[in-house]
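Asks: Have a look at this one.
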Amino acid sequence: MESSFAILRNRKSSTKDFRKAADAVSSALANEVAKHVPKKQIILVPILRAGLALLPAFLEIFPAAAVGFIGLKRNEKTLRPKAYYQNIPKISKSDAVIVLDPMLATGGSAVAGIKTLIKEGASEENIIFVGIISAPEGIANVQKNFPLVRILCAEYDKKLDKRSYIVPGLGDFGDRYFGG
């Protein structure tokens with residue numbers, strides 16, 4: 001996975017190479033999650049748009065999973081997430097709900113997404129947040145609001161900068177993955 005992160009962190013990596021590296025990390029994360037999720041009803045919920053990048057790897061491991069979507073966009077002035085789309089399948093308390101979002105920076109989007117899922121019927125202890133890179137501030141925010149939610153990220157970076165971007169990070173994941 002080290003070589004994948006070298007590509008992800010290199011600002012000069014092509015979209016093609018970035019995607020290939022992100023897909024490799026996503027596959028490793030999906031395999032790791034499979035070790036910790038009992039074989040019951042699984043619901044995958046990518047946070048749009050960047051979370052879509054993790055979805056194919058998770059569907060490969062969990063082909064029978066239901067899929068829901070939460071669209072959140074960060075307001076660059078307030079740094080707060082604003083919901084713009086939601087399509088969640090029926091959730092029961094016993095369902096394992098896996099939230100997919102490659103970057104856990106402030107934790108604002110993760111907290112907003114998890115709140116939505118709990119309102120829709122998910123049980124906090126059955127939610128797993130999966131990301132590629134996180135910052136301590138984001139982890140702390142999720143844990144403060146939802147201490148029973150499990151968090152799994154491939155890399156844990158040092159901090160956020162003054163604009164609340166992960167340092168060293170890898171840039172805007174969605175733009176780099178989708179070529180935007």
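We label chains A, B, ... in the order they appear in the structure tokens, count residues from 1 in each chain, and number ligands from 1 in the order shown.
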Skipping near chain neighbours, those fewer than 6 positions away, what residues fall within 6 Å of Gly71 of chain A using only C-alpha atoms, listed as a ChimeraX atom specification?
Replies: /A:47-48,83-85
Asks: Taking a cut-off of 6 Å and counting only C-alpha atoms, can you build a table that, for each residue of segment 100-135 of chain A near segment 142-159 of chain A, reports the nearest atom pair and how far apart they are in Å (one decimal), sorted by chain then residue number, as a tab-separated table?
Replies:
residue	atom	partner	partner_atom	distance
A:Gly107	CA	A:Val142	CA	6.0
A:Val111	CA	A:Val142	CA	5.8
A:Glu124	CA	A:Val149	CA	5.7
A:Glu125	CA	A:Leu148	CA	4.8
A:Ile127	CA	A:Val149	CA	5.3
A:Ile128	CA	A:Arg150	CA	4.7
A:Phe129	CA	A:Ile151	CA	4.8
A:Val130	CA	A:Leu152	CA	4.9
A:Gly131	CA	A:Cys153	CA	4.6
A:Ile132	CA	A:Ala154	CA	4.9
A:Ile133	CA	A:Glu155	CA	4.8
A:Ser134	CA	A:Tyr156	CA	5.0
A:Ala135	CA	A:Asp157	CA	5.2
Asks: Using atom CA of Thr15 of chain A and atom CA of Phe178 of chain A as the two end points, give the distance in Å to one decimal.
Replies: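 Between atom CA of Thr15 of chain A and atom CA of Phe178 of chain A the gap works out to 7.4 Å.
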Asks: Just to confirm, what's the straight-line distance from atom CA of Pro136 of chain A to atom CA of Glu60 of chain A in Å (one decimal)?
Replies: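 Between atom CA of Pro136 of chain A and atom CA of Glu60 of chain A the gap is 29.7 Å.
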Asks: Contacts of segment 87-103 of chain A at 9 Å or less, counting only C-alpha atoms, minus same-chain residues fewer than 2 places along, as a PDB file with C-alpha atoms, in the first residue's frame?
Replies:
ATOM      1  CA  SER A  26     -10.116   0.861  -1.403  1.00  0.00           C
ATOM      2  CA  VAL A  33     -13.795  -4.345   6.870  1.00  0.00           C
ATOM      3  CA  VAL A  37     -18.492  -7.236   9.789  1.00  0.00           C
ATOM      4  CA  PRO A  38     -20.731 -10.177  10.562  1.00  0.00           C
ATOM      5  CA  LYS A  39     -22.467 -11.692   7.569  1.00  0.00           C
ATOM      6  CA  LYS A  40     -25.796  -9.946   7.967  1.00  0.00           C
ATOM      7  CA  GLN A  41     -27.598  -7.250   6.050  1.00  0.00           C
ATOM      8  CA  ILE A  42     -25.023  -4.713   4.909  1.00  0.00           C
ATOM      9  CA  ILE A  43     -25.759  -1.234   3.624  1.00  0.00           C
ATOM     10  CA  LEU A  44     -23.036   0.757   1.883  1.00  0.00           C
ATOM     11  CA  VAL A  45     -23.451   4.536   1.961  1.00  0.00           C
ATOM     12  CA  PRO A  46     -20.962   6.644   0.021  1.00  0.00           C
ATOM     13  CA  ILE A  47     -20.883  10.347   0.817  1.00  0.00           C
ATOM     14  CA  LEU A  48     -21.164  12.000  -2.596  1.00  0.00           C
ATOM     15  CA  ARG A  49     -19.204  12.646  -4.655  1.00  0.00           C
ATOM     16  CA  ALA A  50     -15.797  11.442  -3.473  1.00  0.00           C
ATOM     17  CA  GLY A  51     -17.214   8.440  -1.597  1.00  0.00           C
ATOM     18  CA  LEU A  52     -18.319   6.935  -4.905  1.00  0.00           C
ATOM     19  CA  ALA A  53     -14.673   6.079  -5.578  1.00  0.00           C
ATOM     20  CA  LEU A  54     -14.696   3.472  -2.783  1.00  0.00           C
ATOM     21  CA  LEU A  55     -17.987   1.862  -3.780  1.00  0.00           C
ATOM     22  CA  ALA A  66     -27.872  -2.489  -0.402  1.00  0.00           C
ATOM     23  CA  VAL A  67     -26.543   0.937  -1.397  1.00  0.00           C
ATOM     24  CA  GLY A  68     -27.686   4.336  -0.207  1.00  0.00           C
ATOM     25  CA  PHE A  69     -26.374   7.793  -1.020  1.00  0.00           C
ATOM     26  CA  ILE A  70     -25.891  10.988   0.957  1.00  0.00           C
ATOM     27  CA  GLY A  71     -24.877  14.144  -0.891  1.00  0.00           C
ATOM     28  CA  TYR A  85     -29.185  14.730  -1.826  1.00  0.00           C
ATOM     29  CA  ALA A 105     -10.773  16.112   7.824  1.00  0.00           C
ATOM     30  CA  GLY A 107     -15.420  15.272  10.577  1.00  0.00           C
ATOM     31  CA  SER A 109     -19.521  15.529   6.734  1.00  0.00           C
ATOM     32  CA  ALA A 110     -19.050  12.253   8.598  1.00  0.00           C
ATOM     33  CA  GLY A 113     -23.985  11.621   7.376  1.00  0.00           C
ATOM     34  CA  ILE A 114     -24.052   9.470  10.512  1.00  0.00           C
ATOM     35  CA  LEU A 117     -28.343   7.326   9.051  1.00  0.00           C
ATOM     36  CA  ILE A 118     -29.336   7.130  12.709  1.00  0.00           C
ATOM     37  CA  GLU A 120     -33.221   6.598   9.207  1.00  0.00           C
ATOM     38  CA  GLY A 121     -32.997   3.689  11.675  1.00  0.00           C
ATOM     39  CA  ALA A 122     -29.313   2.716  11.877  1.00  0.00           C
ATOM     40  CA  SER A 123     -27.863   1.752  15.237  1.00  0.00           C
ATOM     41  CA  GLU A 124     -24.737   3.697  16.190  1.00  0.00           C
ATOM     42  CA  GLU A 125     -22.806   0.578  17.210  1.00  0.00           C
ATOM     43  CA  ASN A 126     -23.437  -0.996  13.774  1.00  0.00           C
ATOM     44  CA  ILE A 127     -21.985   1.927  11.792  1.00  0.00           C
ATOM     45  CA  ILE A 128     -18.443   1.815  10.430  1.00  0.00           C
ATOM     46  CA  PHE A 129     -16.872   4.897   8.850  1.00  0.00           C
ATOM     47  CA  VAL A 130     -14.288   3.996   6.198  1.00  0.00           C
ATOM     48  CA  GLY A 131     -11.849   6.495   4.716  1.00  0.00           C
ATOM     49  CA  ILE A 132      -8.524   6.598   2.963  1.00  0.00           C
ATOM     50  CA  ILE A 133      -6.936   9.457   4.936  1.00  0.00           C
ATOM     51  CA  SER A 134      -7.937  11.104   8.204  1.00  0.00           C
ATOM     52  CA  ALA A 135      -6.829  13.881  10.525  1.00  0.00           C
ATOM     53  CA  CYS A 153      -8.800   4.642   7.638  1.00  0.00           C
ATOM     54  CA  ILE A 166      -5.551  17.474   5.885  1.00  0.00           C
ATOM     55  CA  GLY A 169      -3.032  15.043   2.680  1.00  0.00           C
ATOM     56  CA  ASP A 172      -9.088  17.358  -3.353  1.00  0.00           C
ATOM     57  CA  PHE A 173      -9.750  13.634  -3.620  1.00  0.00           C
ATOM     58  CA  GLY A 174     -12.950  13.971  -5.674  1.00  0.00           C
TER      59      GLY A 174
END
Asks: Could you tell me how far atom CA of Ala21 of chain A sits from atom CA of Phe5 of chain A, in Å to one decimal place?
Replies: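 Rounded to one decimal, the two atoms are 7.2 Å apart.
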Asks: Considering only strand (DSSP E) as DSSP defines it on the backbone, what residues of segment 11-151 of chain A qualify? List them as a ChimeraX atom specification.
Replies: /A:42-48,66-67,69-74,81-87,96-100,103-104,127-134,150-151
Asks: Residues of segment 73-172 of chain A in helix (DSSP H, G or I) according to DSSP, as a list of chain:residue names?
Replies: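 Here is the list: A:Gly108, A:Ser109, A:Ala110, A:Val111, A:Ala112, A:Gly113, A:Ile114, A:Lys115, A:Thr116, A:Leu117, A:Ile118, A:Lys119, A:Glu124, A:Glu125, A:Asn126, A:Pro136, A:Glu137, A:Gly138, A:Ile139, A:Ala140, A:Asn141, A:Val142, A:Gln143, A:Lys144, A:Asn145.
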Asks: Please dump the current selection as a PDB file, in the first residue's frame; keep N, CA and C atoms.
Replies:
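That gives us out_36.pdb:
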ATOM      1  N   GLY A 108     -16.982  16.996   9.871  1.00  0.00           N
ATOM      2  CA  GLY A 108     -18.310  17.579   9.698  1.00  0.00           C
ATOM      3  C   GLY A 108     -19.215  16.762   8.801  1.00  0.00           C
ATOM      4  N   SER A 109     -18.710  16.339   7.657  1.00  0.00           N
ATOM      5  CA  SER A 109     -19.521  15.529   6.734  1.00  0.00           C
ATOM      6  C   SER A 109     -19.823  14.164   7.327  1.00  0.00           C
ATOM      7  N   ALA A 110     -18.835  13.567   7.978  1.00  0.00           N
ATOM      8  CA  ALA A 110     -19.050  12.253   8.598  1.00  0.00           C
ATOM      9  C   ALA A 110     -20.131  12.341   9.669  1.00  0.00           C
ATOM     10  N   VAL A 111     -20.059  13.348  10.523  1.00  0.00           N
ATOM     11  CA  VAL A 111     -21.055  13.510  11.588  1.00  0.00           C
ATOM     12  C   VAL A 111     -22.438  13.747  10.988  1.00  0.00           C
ATOM     13  N   ALA A 112     -22.524  14.617   9.979  1.00  0.00           N
ATOM     14  CA  ALA A 112     -23.819  14.885   9.337  1.00  0.00           C
ATOM     15  C   ALA A 112     -24.383  13.621   8.698  1.00  0.00           C
ATOM     16  N   GLY A 113     -23.538  12.862   8.010  1.00  0.00           N
ATOM     17  CA  GLY A 113     -23.985  11.621   7.376  1.00  0.00           C
ATOM     18  C   GLY A 113     -24.443  10.591   8.394  1.00  0.00           C
ATOM     19  N   ILE A 114     -23.697  10.441   9.469  1.00  0.00           N
ATOM     20  CA  ILE A 114     -24.052   9.470  10.512  1.00  0.00           C
ATOM     21  C   ILE A 114     -25.357   9.876  11.193  1.00  0.00           C
ATOM     22  N   LYS A 115     -25.541  11.168  11.457  1.00  0.00           N
ATOM     23  CA  LYS A 115     -26.811  11.645  12.040  1.00  0.00           C
ATOM     24  C   LYS A 115     -27.983  11.256  11.147  1.00  0.00           C
ATOM     25  N   THR A 116     -27.814  11.457   9.850  1.00  0.00           N
ATOM     26  CA  THR A 116     -28.865  11.097   8.893  1.00  0.00           C
ATOM     27  C   THR A 116     -29.176   9.609   8.979  1.00  0.00           C
ATOM     28  N   LEU A 117     -28.148   8.779   9.017  1.00  0.00           N
ATOM     29  CA  LEU A 117     -28.343   7.326   9.051  1.00  0.00           C
ATOM     30  C   LEU A 117     -29.023   6.867  10.334  1.00  0.00           C
ATOM     31  N   ILE A 118     -28.683   7.481  11.443  1.00  0.00           N
ATOM     32  CA  ILE A 118     -29.336   7.130  12.709  1.00  0.00           C
ATOM     33  C   ILE A 118     -30.806   7.549  12.673  1.00  0.00           C
ATOM     34  N   LYS A 119     -31.094   8.718  12.108  1.00  0.00           N
ATOM     35  CA  LYS A 119     -32.496   9.147  11.952  1.00  0.00           C
ATOM     36  C   LYS A 119     -33.277   8.172  11.079  1.00  0.00           C
ATOM     37  N   GLU A 124     -26.085   3.130  16.133  1.00  0.00           N
ATOM     38  CA  GLU A 124     -24.737   3.697  16.190  1.00  0.00           C
ATOM     39  C   GLU A 124     -23.651   2.627  16.247  1.00  0.00           C
ATOM     40  N   GLU A 125     -23.849   1.599  17.051  1.00  0.00           N
ATOM     41  CA  GLU A 125     -22.806   0.578  17.210  1.00  0.00           C
ATOM     42  C   GLU A 125     -22.632  -0.303  15.975  1.00  0.00           C
ATOM     43  N   ASN A 126     -23.546  -0.212  15.011  1.00  0.00           N
ATOM     44  CA  ASN A 126     -23.437  -0.996  13.774  1.00  0.00           C
ATOM     45  C   ASN A 126     -22.973  -0.159  12.584  1.00  0.00           C
ATOM     46  N   PRO A 136      -6.515  13.913  12.952  1.00  0.00           N
ATOM     47  CA  PRO A 136      -6.946  13.702  14.340  1.00  0.00           C
ATOM     48  C   PRO A 136      -8.219  14.474  14.691  1.00  0.00           C
ATOM     49  N   GLU A 137      -8.368  15.676  14.134  1.00  0.00           N
ATOM     50  CA  GLU A 137      -9.542  16.497  14.428  1.00  0.00           C
ATOM     51  C   GLU A 137     -10.830  15.830  13.959  1.00  0.00           C
ATOM     52  N   GLY A 138     -10.793  15.211  12.793  1.00  0.00           N
ATOM     53  CA  GLY A 138     -11.971  14.525  12.265  1.00  0.00           C
ATOM     54  C   GLY A 138     -12.336  13.304  13.092  1.00  0.00           C
ATOM     55  N   ILE A 139     -11.332  12.535  13.460  1.00  0.00           N
ATOM     56  CA  ILE A 139     -11.573  11.353  14.297  1.00  0.00           C
ATOM     57  C   ILE A 139     -12.175  11.783  15.631  1.00  0.00           C
ATOM     58  N   ALA A 140     -11.600  12.827  16.236  1.00  0.00           N
ATOM     59  CA  ALA A 140     -12.101  13.304  17.529  1.00  0.00           C
ATOM     60  C   ALA A 140     -13.547  13.780  17.426  1.00  0.00           C
ATOM     61  N   ASN A 141     -13.887  14.470  16.342  1.00  0.00           N
ATOM     62  CA  ASN A 141     -15.254  14.969  16.156  1.00  0.00           C
ATOM     63  C   ASN A 141     -16.249  13.815  16.050  1.00  0.00           C
ATOM     64  N   VAL A 142     -15.917  12.811  15.252  1.00  0.00           N
ATOM     65  CA  VAL A 142     -16.813  11.654  15.114  1.00  0.00           C
ATOM     66  C   VAL A 142     -16.940  10.929  16.452  1.00  0.00           C
ATOM     67  N   GLN A 143     -15.818  10.696  17.122  1.00  0.00           N
ATOM     68  CA  GLN A 143     -15.852   9.965  18.394  1.00  0.00           C
ATOM     69  C   GLN A 143     -16.597  10.727  19.482  1.00  0.00           C
ATOM     70  N   LYS A 144     -16.489  12.060  19.476  1.00  0.00           N
ATOM     71  CA  LYS A 144     -17.206  12.872  20.465  1.00  0.00           C
ATOM     72  C   LYS A 144     -18.719  12.754  20.260  1.00  0.00           C
ATOM     73  N   ASN A 145     -19.152  12.796  19.005  1.00  0.00           N
ATOM     74  CA  ASN A 145     -20.579  12.745  18.691  1.00  0.00           C
ATOM     75  C   ASN A 145     -21.143  11.328  18.693  1.00  0.00           C
TER      76      ASN A 145
END
